[in-house]
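coords18.cif, holding mmCIF, C-alpha atoms:
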```cif
data_work
#
loop_
_atom_site.label_atom_id
_atom_site.label_comp_id
_atom_site.auth_asym_id
_atom_site.auth_seq_id
_atom_site.Cartn_x
_atom_site.Cartn_y
_atom_site.Cartn_z
CA MET A 1 105.85 90.96 -77.59
CA ARG A 2 107.61 89.28 -80.49
CA ARG A 3 109.71 92.36 -81.11
CA THR A 4 110.57 92.57 -77.42
CA ALA A 5 111.57 88.91 -77.38
CA ALA A 6 113.74 89.42 -80.47
CA PHE A 7 115.50 92.39 -78.88
CA LEU A 8 116.04 90.50 -75.62
CA SER A 9 117.45 87.57 -77.60
CA ALA A 10 119.90 89.94 -79.28
CA ALA A 11 120.92 91.30 -75.89
CA LEU A 12 121.51 87.78 -74.56
CA ALA A 13 123.55 86.94 -77.64
CA GLY A 14 125.56 90.08 -76.98
CA VAL A 15 126.24 89.04 -73.40
CA ALA A 16 127.40 85.65 -74.67
CA ALA A 17 129.68 87.33 -77.21
CA LEU A 18 131.11 89.58 -74.47
CA LEU A 19 131.88 86.61 -72.24
CA VAL A 20 133.46 84.59 -75.05
CA GLY A 21 135.42 87.62 -76.23
CA LEU A 22 136.72 88.25 -72.72
CA ALA A 23 137.76 84.60 -72.43
CA VAL A 24 139.52 84.66 -75.82
CA ASP A 25 141.30 87.93 -75.01
CA SER A 26 142.41 86.59 -71.62
CA TYR A 27 143.73 83.42 -73.23
CA LEU A 28 145.69 85.35 -75.87
CA HIS A 29 147.26 87.63 -73.25
CA ALA A 30 148.17 84.68 -71.04
CA LYS A 31 149.76 82.94 -74.03
CA ASP A 32 151.71 86.06 -75.07
CA PRO A 33 152.41 88.49 -72.18
CA THR A 34 153.89 91.03 -74.61
CA LEU A 35 150.58 91.38 -76.48
CA ALA A 36 149.44 94.25 -74.28
CA HIS A 37 152.39 96.32 -75.50
CA ARG A 38 151.60 95.71 -79.17
CA GLU A 39 147.87 96.30 -79.44
CA GLY A 40 145.57 99.25 -78.99
CA ILE A 41 142.20 99.78 -77.34
CA PHE A 42 140.50 97.92 -80.17
CA THR A 43 142.58 95.69 -82.43
CA LEU A 44 140.88 93.87 -85.28
CA SER A 45 143.61 91.22 -85.39
CA ASN A 46 142.57 90.14 -81.88
CA PRO A 47 139.42 87.96 -82.21
CA GLY A 48 138.63 88.63 -78.57
CA HIS A 49 138.37 92.36 -79.30
CA VAL A 50 136.12 91.68 -82.29
CA LEU A 51 133.78 89.57 -80.17
CA LEU A 52 133.73 92.23 -77.46
CA GLY A 53 132.81 94.87 -80.05
CA VAL A 54 130.04 92.70 -81.51
CA GLY A 55 128.79 91.89 -78.02
CA ILE A 56 128.60 95.54 -77.00
CA GLY A 57 126.67 96.37 -80.16
CA LEU A 58 124.17 93.55 -79.65
CA VAL A 59 123.61 94.42 -75.99
CA VAL A 60 123.04 98.10 -76.79
CA VAL A 61 120.60 97.32 -79.62
CA GLY A 62 118.83 94.60 -77.63
CA VAL A 63 118.38 96.58 -74.43
CA LEU A 64 117.30 99.78 -76.17
CA GLY A 65 114.95 97.92 -78.48
CA ALA A 66 113.38 95.92 -75.67
CA ALA A 67 112.97 99.07 -73.57
CA TYR A 68 111.37 100.98 -76.43
CA THR A 69 108.87 98.24 -77.23
CA SER A 70 107.94 97.23 -73.69
CA LEU A 71 108.08 100.26 -71.36
CA PRO A 72 104.56 101.40 -70.37
CA TYR A 73 105.10 105.01 -71.39
CA GLY A 74 103.74 107.18 -74.12
CA VAL A 75 105.36 107.08 -77.53
CA TRP A 76 106.96 110.49 -77.18
CA LEU A 77 108.46 109.71 -73.78
CA ARG A 78 109.83 106.45 -75.13
CA ARG A 79 111.27 108.26 -78.11
CA GLY A 80 112.87 110.77 -75.77
CA LEU A 81 114.43 108.00 -73.69
CA LEU A 82 115.63 106.32 -76.88
CA ALA A 83 117.15 109.57 -78.17
CA GLY A 84 118.89 110.15 -74.84
CA ALA A 85 120.29 106.63 -74.84
CA LEU A 86 121.49 106.97 -78.43
CA ALA A 87 123.14 110.28 -77.53
CA MET A 88 125.00 108.54 -74.70
CA VAL A 89 126.10 105.83 -77.13
CA VAL A 90 127.40 108.48 -79.53
CA VAL A 91 129.28 110.28 -76.74
CA ALA A 92 130.77 107.01 -75.52
CA GLY A 93 131.86 106.19 -79.08
CA ASP A 94 133.43 109.63 -79.49
CA VAL A 95 135.33 109.28 -76.21
CA ALA A 96 136.59 105.83 -77.23
CA GLY A 97 137.66 107.17 -80.63
CA TRP A 98 139.41 110.11 -79.00
CA ALA A 99 141.23 107.80 -76.60
CA ALA A 100 142.33 105.58 -79.47
CA SER A 101 143.61 108.57 -81.44
CA VAL A 102 145.56 109.82 -78.42
CA GLU A 103 147.06 106.37 -77.98
CA ARG A 104 148.18 106.27 -81.62
CA SER A 105 149.56 109.81 -81.71
CA ALA A 106 151.21 109.95 -78.30
CA PRO A 107 154.93 109.16 -78.08
CA SER A 108 155.18 105.54 -77.14
CA THR A 109 157.46 103.77 -74.75
CA PRO A 110 160.73 102.45 -76.11
CA ALA A 111 158.76 99.68 -77.66
CA GLY A 112 157.76 102.20 -80.30
CA HIS A 113 161.38 102.31 -81.29
CA ASN A 114 161.09 98.61 -82.01
CA HIS A 115 163.18 98.05 -78.94
CA ALA A 116 160.48 96.11 -77.21
CA ALA A 117 161.19 93.46 -74.65
CA ALA A 118 162.07 90.23 -76.35
CA ALA A 119 159.15 87.89 -76.83
CA ALA A 120 159.34 84.37 -75.53
CA PRO A 121 161.29 82.08 -77.87
CA THR A 122 159.10 80.31 -80.39
CA ARG A 123 160.92 77.07 -79.59
CA GLN A 124 163.67 75.77 -77.36
CA PRO A 125 167.20 76.19 -78.74
CA THR A 126 169.20 73.08 -79.58
CA GLU A 127 172.37 72.24 -77.70
CA ALA A 128 174.44 73.42 -80.66
CA GLU A 129 172.56 76.73 -80.74
CA LEU A 130 173.08 77.22 -77.00
CA GLU A 131 176.79 76.63 -77.42
CA ALA A 132 176.99 79.01 -80.37
CA ALA A 133 175.12 81.74 -78.48
CA ALA A 134 177.30 81.35 -75.39
CA ARG A 135 180.44 81.43 -77.54
CA LEU A 136 179.30 84.61 -79.30
CA ILE A 137 178.72 86.32 -75.96
CA SER A 138 182.07 85.35 -74.48
CA GLU A 139 184.07 86.13 -77.64
CA THR A 140 182.31 89.46 -78.12
CA LYS A 141 182.91 90.55 -74.53
CA ALA A 142 186.58 89.60 -74.76
CA ALA A 143 187.06 91.34 -78.11
CA VAL A 144 185.42 94.68 -77.22
CA ALA A 145 186.99 94.95 -73.77
CA ARG A 146 189.80 97.00 -75.36
CA TYR A 147 187.21 99.69 -76.15
CA ALA A 148 186.22 100.32 -72.54
CA ASP A 149 187.79 103.74 -73.06
CA LEU A 150 185.72 105.65 -75.61
CA GLN A 151 188.79 107.47 -76.90
CA VAL A 152 190.33 104.14 -77.89
CA ALA A 153 187.19 103.28 -79.85
CA GLU A 154 187.19 106.65 -81.59
CA ALA A 155 190.85 106.24 -82.50
CA ALA A 156 189.95 102.86 -84.03
CA GLY A 157 187.39 104.49 -86.33
CA TYR A 158 184.15 104.33 -84.35
CA LYS A 159 181.96 107.42 -84.82
CA PRO A 160 178.70 108.34 -83.07
CA MET A 161 175.48 107.35 -84.83
CA GLU A 162 173.44 109.72 -82.63
CA PRO A 163 174.22 113.05 -80.97
CA PRO A 164 176.98 112.09 -78.49
CA ASP A 165 175.29 113.88 -75.59
CA LEU A 166 172.37 111.45 -75.46
CA GLN A 167 172.17 109.08 -72.52
CA ILE A 168 172.82 106.05 -74.74
CA VAL A 169 174.93 106.40 -77.90
CA HIS A 170 175.86 103.91 -80.62
CA TYR A 171 179.28 104.28 -82.24
CA LEU A 172 179.67 102.82 -85.72
CA ASN A 173 182.77 101.66 -87.57
CA THR A 174 181.80 101.71 -91.24
CA SER A 175 184.96 99.87 -92.30
CA TYR A 176 183.48 96.73 -90.74
CA MET A 177 180.26 96.91 -92.77
CA ASN A 178 181.15 94.07 -95.12
CA ASP A 179 180.40 90.38 -95.62
CA ALA A 180 183.70 89.24 -94.13
CA ASP A 181 182.90 90.83 -90.77
CA VAL A 182 179.39 89.49 -90.24
CA LEU A 183 179.35 88.25 -86.61
CA ASN A 184 183.10 88.77 -86.36
CA PRO A 185 183.81 89.62 -82.69
CA GLN A 186 187.12 91.21 -83.64
CA HIS A 187 185.33 93.66 -85.95
CA VAL A 188 182.03 94.49 -84.25
CA GLN A 189 180.22 97.09 -86.31
CA SER A 190 178.84 99.13 -83.40
CA LEU A 191 179.65 99.82 -79.74
CA ILE A 192 177.07 101.11 -77.26
CA TYR A 193 178.04 103.58 -74.54
CA TYR A 194 176.09 104.95 -71.61
CA ASN A 195 176.79 108.54 -70.59
CA GLY A 196 176.73 108.40 -66.79
CA SER A 197 178.13 110.63 -64.08
CA GLN A 198 181.48 108.85 -64.36
CA GLY A 199 181.69 109.39 -68.10
CA SER A 200 181.05 107.13 -71.07
CA VAL A 201 180.72 103.48 -70.07
CA LEU A 202 180.74 100.63 -72.60
CA ILE A 203 177.56 98.63 -72.00
CA GLY A 204 177.07 96.67 -75.21
CA ALA A 205 178.07 95.77 -78.74
CA MET A 206 175.92 95.52 -81.84
CA TYR A 207 176.42 93.49 -84.99
CA ILE A 208 174.93 95.05 -88.14
CA MET A 209 174.34 93.39 -91.49
CA PRO A 210 176.11 95.16 -94.38
CA ARG A 211 172.95 95.65 -96.45
CA ARG A 212 169.33 96.55 -95.80
CA GLY A 213 166.86 93.71 -96.19
CA GLU A 214 169.47 91.00 -95.64
CA PRO A 215 168.62 88.62 -92.77
CA GLY A 216 171.22 88.11 -90.07
CA PRO A 217 172.46 84.59 -89.27
CA GLU A 218 170.64 83.32 -86.21
CA ILE A 219 173.43 81.07 -84.98
CA GLY A 220 171.71 80.77 -81.61
CA GLY A 221 168.34 79.94 -83.10
CA PRO A 222 165.52 81.60 -81.12
CA LEU A 223 168.09 83.18 -78.77
CA THR A 224 169.76 85.36 -81.40
CA VAL A 225 166.85 87.11 -83.08
CA TRP A 226 167.94 90.11 -85.14
CA HIS A 227 165.92 93.33 -85.28
CA GLN A 228 165.71 96.47 -87.39
CA HIS A 229 164.24 99.97 -87.16
CA SER A 230 161.98 101.75 -89.59
CA ASN A 231 161.43 104.94 -87.59
CA ILE A 232 164.88 106.53 -87.38
CA CYS A 233 165.39 109.99 -88.88
CA PHE A 234 168.90 110.42 -90.31
CA ASP A 235 170.40 113.82 -91.00
CA ASN A 236 170.65 114.30 -94.76
CA VAL A 237 174.19 115.73 -94.48
CA THR A 238 175.93 114.02 -91.57
CA GLY A 239 174.03 110.73 -91.61
CA ILE A 240 173.63 110.89 -87.82
CA ALA A 241 170.34 109.74 -86.29
CA VAL A 242 168.64 112.90 -85.09
CA ALA A 243 165.21 111.61 -84.04
CA PHE A 244 163.09 108.51 -83.64
CA THR A 245 159.47 108.89 -84.68
CA HIS A 246 156.74 107.70 -82.30
CA ASP A 247 159.21 107.15 -79.48
CA GLY A 248 158.87 108.54 -75.99
CA PHE A 249 162.54 108.25 -75.04
CA PHE A 250 164.52 108.46 -78.26
CA ASP A 251 162.60 111.10 -80.22
CA ASN A 252 165.08 113.77 -79.06
CA GLY A 253 162.48 116.45 -78.54
CA ASN A 254 160.65 115.91 -81.81
CA GLU A 255 157.32 117.53 -80.91
CA LYS A 256 155.41 116.01 -83.84
CA SER A 257 156.90 112.61 -83.06
CA GLY A 258 155.63 110.93 -86.23
CA VAL A 259 157.38 113.43 -88.53
CA CYS A 260 161.13 113.67 -89.08
CA PRO A 261 162.72 117.04 -88.33
CA LYS A 262 163.54 119.28 -91.28
CA GLY A 263 166.71 118.20 -93.04
CA SER A 264 166.39 114.53 -92.11
CA THR A 265 164.89 111.43 -93.70
CA LYS A 266 163.29 108.34 -92.17
CA LEU A 267 165.08 105.18 -93.30
CA THR A 268 164.90 101.48 -92.51
CA THR A 269 168.11 100.13 -91.03
CA PRO A 270 169.86 96.86 -91.80
CA GLN A 271 169.23 94.07 -89.33
CA MET A 272 171.08 94.30 -86.00
CA LEU A 273 171.92 92.05 -83.06
CA HIS A 274 172.84 93.34 -79.61
CA VAL A 275 175.28 91.63 -77.27
CA TRP A 276 175.00 93.25 -73.86
CA LEU A 277 177.98 93.56 -71.54
CA ILE A 278 175.70 94.39 -68.62
CA ASP A 279 172.79 92.42 -67.24
CA ASN A 280 169.71 92.97 -69.39
CA PRO A 281 166.55 91.52 -67.81
CA ASP A 282 165.32 90.61 -71.29
CA GLY A 283 168.44 88.61 -72.14
CA PRO A 284 171.98 89.15 -73.49
CA PHE A 285 170.72 89.59 -77.08
CA ALA A 286 167.59 91.63 -76.34
CA SER A 287 166.71 94.64 -78.44
CA THR A 288 165.70 96.61 -75.32
CA MET A 289 167.35 100.02 -75.16
CA ALA A 290 165.62 102.09 -72.46
CA PRO A 291 167.93 102.92 -69.51
CA GLN A 292 165.17 102.16 -67.02
CA VAL A 293 164.90 98.67 -68.52
CA LEU A 294 168.62 98.05 -68.88
CA GLY A 295 169.20 99.13 -65.30
CA THR A 296 171.89 101.57 -66.36
CA SER A 297 170.21 104.39 -64.45
CA ALA A 298 171.07 102.55 -61.24
CA ALA A 299 173.99 100.37 -62.24
CA VAL A 300 176.21 102.62 -64.34
CA THR A 301 175.77 106.12 -62.92
#
```
Translate the structure described by the file into structure tokens.
Amino acid sequence: MRRTAAFLSAALAGVAALLVGLAVDSYLHAKDPTLAHREGIFTLSNPGHVLLGVGIGLVVVGVLGAAYTSLPYGVWLRRGLLAGALAMVVVAGDVAGWAASVERSAPSTPAGHNHAAAAAPTRQPTEAELEAAARLISETKAAVARYADLQVAEAAGYKPMEPPDLQIVHYLNTSYMNDADVLNPQHVQSLIYYNGSQGSVLIGAMYIMPRRGEPGPEIGGPLTVWHQHSNICFDNVTGIAVAFTHDGFFDNGNEKSGVCPKGSTKLTTPQMLHVWLIDNPDGPFASTMAPQVLGTSAAVT
């Protein structure tokens, strides 16, 4: 009886751990709605997941142990039931492991390209930061309006960073990659075009820091958060981005997803800051790139 009571106590402790883990996980997701896009089936950095895992283990051990010590069957029948239950546990573990491996290896949504929806600001911007952010938007829109025609941009020195037949293409002007032109609306480093049925449409601009590892000036505080990419494969000869590893939209047909195509190398980019000329549901500075998120599929075709 003592062994049965001990097993039942373990099972009860497991139920308690499951309930607490569920509560913790729910709280964390309510606090950060983007968490679901950044964690897997089981994430050790999430204490709720850890408690859920511990709870499941305790419940399984407690229930099986209590059943084995208390069921009024012969020892061999009880051992058979125990073996069957353990086999089910093993199968369930294998299925969970398989699902986790599929999740890690499958091409992700554009968030895998580090173009995830912008997280909620860590704090409220000051009045000065709001003014600076608004000024950057208005000055950038006014300055790049002359590049509404892609041919004008190309004549000014902008060259495609990706294959120009993609749905969304960045054009880079390397002559503006210098300290003097950091956040200079007259010399924006990159222009973003959407290839719709009516041709190339200018939908955004992108400031790029001149050197890798150098933080961009967040003049708008939490509104102007810079981003970078560590999963872009650049052609070793042309320097054009030819694939994006672990990315469902931007991997350009890369079947292995996590591996760069032959003749290209994965590099980390300098920090970048978008300024969108179209309505982006995640904000005018958001890193979001997917057409279905930007609305370009409906608004610019």
Open item on the list: Under the rule that all atoms listed in the file are counted, which of A:Ala5, A:Asp25, A:Glu127, A:Gly48 is the nearest residue to Ser70 of chain A?
Closed with: A:Ala5
Leu150 of chain A environment, 9 Å, all atoms listed in the file, sequence neighbours closer than 5 positions dropped, as a PDB file with C-alpha atoms, in the frame of the given file:
```
ATOM      1  CA  ALA A 155     190.850 106.240 -82.500  1.00  0.00           C
ATOM      2  CA  TYR A 158     184.150 104.330 -84.350  1.00  0.00           C
ATOM      3  CA  TYR A 193     178.040 103.580 -74.540  1.00  0.00           C
ATOM      4  CA  SER A 200     181.050 107.130 -71.070  1.00  0.00           C
ATOM      5  CA  VAL A 201     180.720 103.480 -70.070  1.00  0.00           C
ATOM      6  CA  LEU A 202     180.740 100.630 -72.600  1.00  0.00           C
TER       7      LEU A 202
END
```
- [ ] Would you list the contacts of Ala145 of chain A as a PyMOL selection string, taking every protein, DNA or RNA residue within 12 Å and counting only C-alpha atoms, but skipping same-chain residues closer than 2 positions in sequence?
- [x] chain A and resi 138-143+147-150+152-153+185-186+188+191+201-205+277
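Across the chains present, the PyMOL selection byres ((chain A and resi 207) around 9) applied to this file returns Val182, Leu183, Asn184, Pro185, His187, Val188, Gln189, Ser190, Leu191, Ala205, Met206, Ile208, Met209, Gln271, Met272, Leu273, His274 and Val275 of chain A.
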Open item on the list: Quick check, in Å to one decimal: how far apart do atom CA of Leu77 of chain A and atom CA of Val59 of chain A lie?
Closed with: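 Computed distance, atom CA of Leu77 of chain A to atom CA of Val59 of chain A, equals 21.6 Å.
Minimum distance to Tyr171 of chain A across A:Gln151, A:Ser264, A:Thr245, A:Asn236 (counting only C-alpha atoms) occurs at A:Gln151.
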TODO: Between atom CA of Arg3 of chain A and atom CA of Gly62 of chain A, measure the distance and give it in Å to one decimal.
DONE: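 Atom CA of Arg3 of chain A sits 10.0 Å away from atom CA of Gly62 of chain A.
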TODO: Mind checking which residues fall within 10 Å of Leu44 of chain A, counting all atoms listed in the file, ignoring those fewer than 6 positions away in the same chain, and posting them as an NGL selection string?
DONE: :A and (50-51 or 53)
Output as AutoDock Vina command-line options the centre and edge lengths (Å, one decimal) of the box along x, y and z of the file that holds every listed atom of segment 214-221 of chain A after adding 3 Å on each side.
```
--center_x 170.9 --center_y 85.5 --center_z -88.6 --size_x 11.1 --size_y 17.1 --size_z 20.0
```
Open item on the list: Considering only C-alpha atoms, can you say which of A:Arg79, A:His227, A:His49, A:Arg123 comes closest to Ala286 of chain A?
Closed with: A:His227
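Minimum atom-to-atom distance to Val54 of chain A, evaluated using only C-alpha atoms, belongs to A:Leu22 out of A:Leu22, A:Ile278, A:Ile232, A:Ala156.
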Task: Straight-line distance linking atom CA of Ala6 of chain A with atom CA of Gly57 of chain A, stated in Å to one decimal - done: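 Between atom CA of Ala6 of chain A and atom CA of Gly57 of chain A the gap works out to 14.7 Å.
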Task: Closest of A:Gly263, A:Pro270, A:Glu154, A:Asn178 to Val237 of chain A - atom-to-atom distances counting all atoms listed in the file - done: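 Closest to Val237 of chain A of all the choices is A:Gly263.
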TODO: With a distance cut-off of 6 Å and only C-alpha atoms, select the neighbouring residues of Gly220 of chain A, excluding the residue or stretch itself and same-chain residues fewer than 4 positions from it, and output the selection as a PyMOL selection string.
DONE: chain A and resi 129-130+132-133+224
Mind completing segment 199-222 of chain A with N, CA, C and O atoms? Output as a compact mmCIF listing (two decimals), in the frame of the given file, please?
```txt
# COMPACT_ATOMS: atom_id res chain seq x y z
N GLY A 199 181.24 109.34 -66.73
CA GLY A 199 181.69 109.39 -68.10
C GLY A 199 181.04 108.33 -68.96
O GLY A 199 180.06 107.70 -68.56
N SER A 200 181.60 108.12 -70.13
CA SER A 200 181.05 107.13 -71.07
C SER A 200 181.46 105.73 -70.65
O SER A 200 182.65 105.45 -70.48
N VAL A 201 180.48 104.85 -70.50
CA VAL A 201 180.72 103.48 -70.07
C VAL A 201 180.25 102.53 -71.17
O VAL A 201 179.12 102.64 -71.65
N LEU A 202 181.10 101.61 -71.58
CA LEU A 202 180.74 100.63 -72.60
C LEU A 202 179.77 99.62 -71.99
O LEU A 202 180.10 98.91 -71.04
N ILE A 203 178.56 99.54 -72.55
CA ILE A 203 177.56 98.63 -72.00
C ILE A 203 177.12 97.55 -72.99
O ILE A 203 176.42 96.61 -72.61
N GLY A 204 177.52 97.68 -74.26
CA GLY A 204 177.07 96.67 -75.21
C GLY A 204 177.76 96.80 -76.56
O GLY A 204 178.45 97.78 -76.85
N ALA A 205 177.58 95.79 -77.36
CA ALA A 205 178.07 95.77 -78.74
C ALA A 205 176.90 95.44 -79.65
O ALA A 205 175.90 94.86 -79.20
N MET A 206 177.01 95.79 -80.92
CA MET A 206 175.92 95.52 -81.84
C MET A 206 176.47 95.13 -83.21
O MET A 206 177.24 95.87 -83.82
N TYR A 207 176.07 93.94 -83.64
CA TYR A 207 176.42 93.49 -84.99
C TYR A 207 175.38 94.04 -85.96
O TYR A 207 174.19 94.06 -85.65
N ILE A 208 175.83 94.47 -87.13
CA ILE A 208 174.93 95.05 -88.14
C ILE A 208 175.22 94.38 -89.48
O ILE A 208 176.38 94.25 -89.89
N MET A 209 174.17 93.96 -90.15
CA MET A 209 174.34 93.39 -91.49
C MET A 209 174.77 94.48 -92.47
O MET A 209 174.39 95.64 -92.33
N PRO A 210 175.57 94.13 -93.47
CA PRO A 210 176.11 95.16 -94.38
C PRO A 210 175.09 95.79 -95.31
O PRO A 210 175.33 96.87 -95.85
N ARG A 211 173.95 95.13 -95.51
CA ARG A 211 172.95 95.65 -96.45
C ARG A 211 171.55 95.58 -95.85
O ARG A 211 171.23 94.65 -95.11
N ARG A 212 170.73 96.55 -96.22
CA ARG A 212 169.33 96.55 -95.80
C ARG A 212 168.59 95.38 -96.43
O ARG A 212 168.83 95.01 -97.57
N GLY A 213 167.68 94.80 -95.67
CA GLY A 213 166.86 93.71 -96.19
C GLY A 213 167.52 92.34 -96.15
O GLY A 213 166.88 91.34 -96.50
N GLU A 214 168.76 92.28 -95.70
CA GLU A 214 169.47 91.00 -95.64
C GLU A 214 169.34 90.42 -94.24
O GLU A 214 169.69 91.07 -93.25
N PRO A 215 168.81 89.20 -94.10
CA PRO A 215 168.62 88.62 -92.77
C PRO A 215 169.96 88.27 -92.11
O PRO A 215 170.89 87.82 -92.77
N GLY A 216 170.01 88.47 -90.81
CA GLY A 216 171.22 88.11 -90.07
C GLY A 216 171.22 86.64 -89.70
O GLY A 216 170.16 86.05 -89.48
N PRO A 217 172.39 86.01 -89.62
CA PRO A 217 172.46 84.59 -89.27
C PRO A 217 172.11 84.35 -87.81
O PRO A 217 172.78 84.86 -86.92
N GLU A 218 171.07 83.59 -87.57
CA GLU A 218 170.64 83.32 -86.21
C GLU A 218 171.35 82.06 -85.71
O GLU A 218 170.76 80.99 -85.60
N ILE A 219 172.61 82.23 -85.37
CA ILE A 219 173.43 81.07 -84.98
C ILE A 219 172.94 80.45 -83.68
O ILE A 219 173.17 79.28 -83.41
N GLY A 220 172.25 81.27 -82.86
CA GLY A 220 171.71 80.77 -81.61
C GLY A 220 170.23 80.41 -81.71
O GLY A 220 169.56 80.27 -80.68
N GLY A 221 169.75 80.27 -82.93
CA GLY A 221 168.34 79.94 -83.10
C GLY A 221 167.44 81.01 -82.51
O GLY A 221 167.62 82.21 -82.77
N PRO A 222 166.47 80.63 -81.68
CA PRO A 222 165.52 81.60 -81.12
C PRO A 222 166.16 82.56 -80.11
O PRO A 222 165.52 83.52 -79.71
```
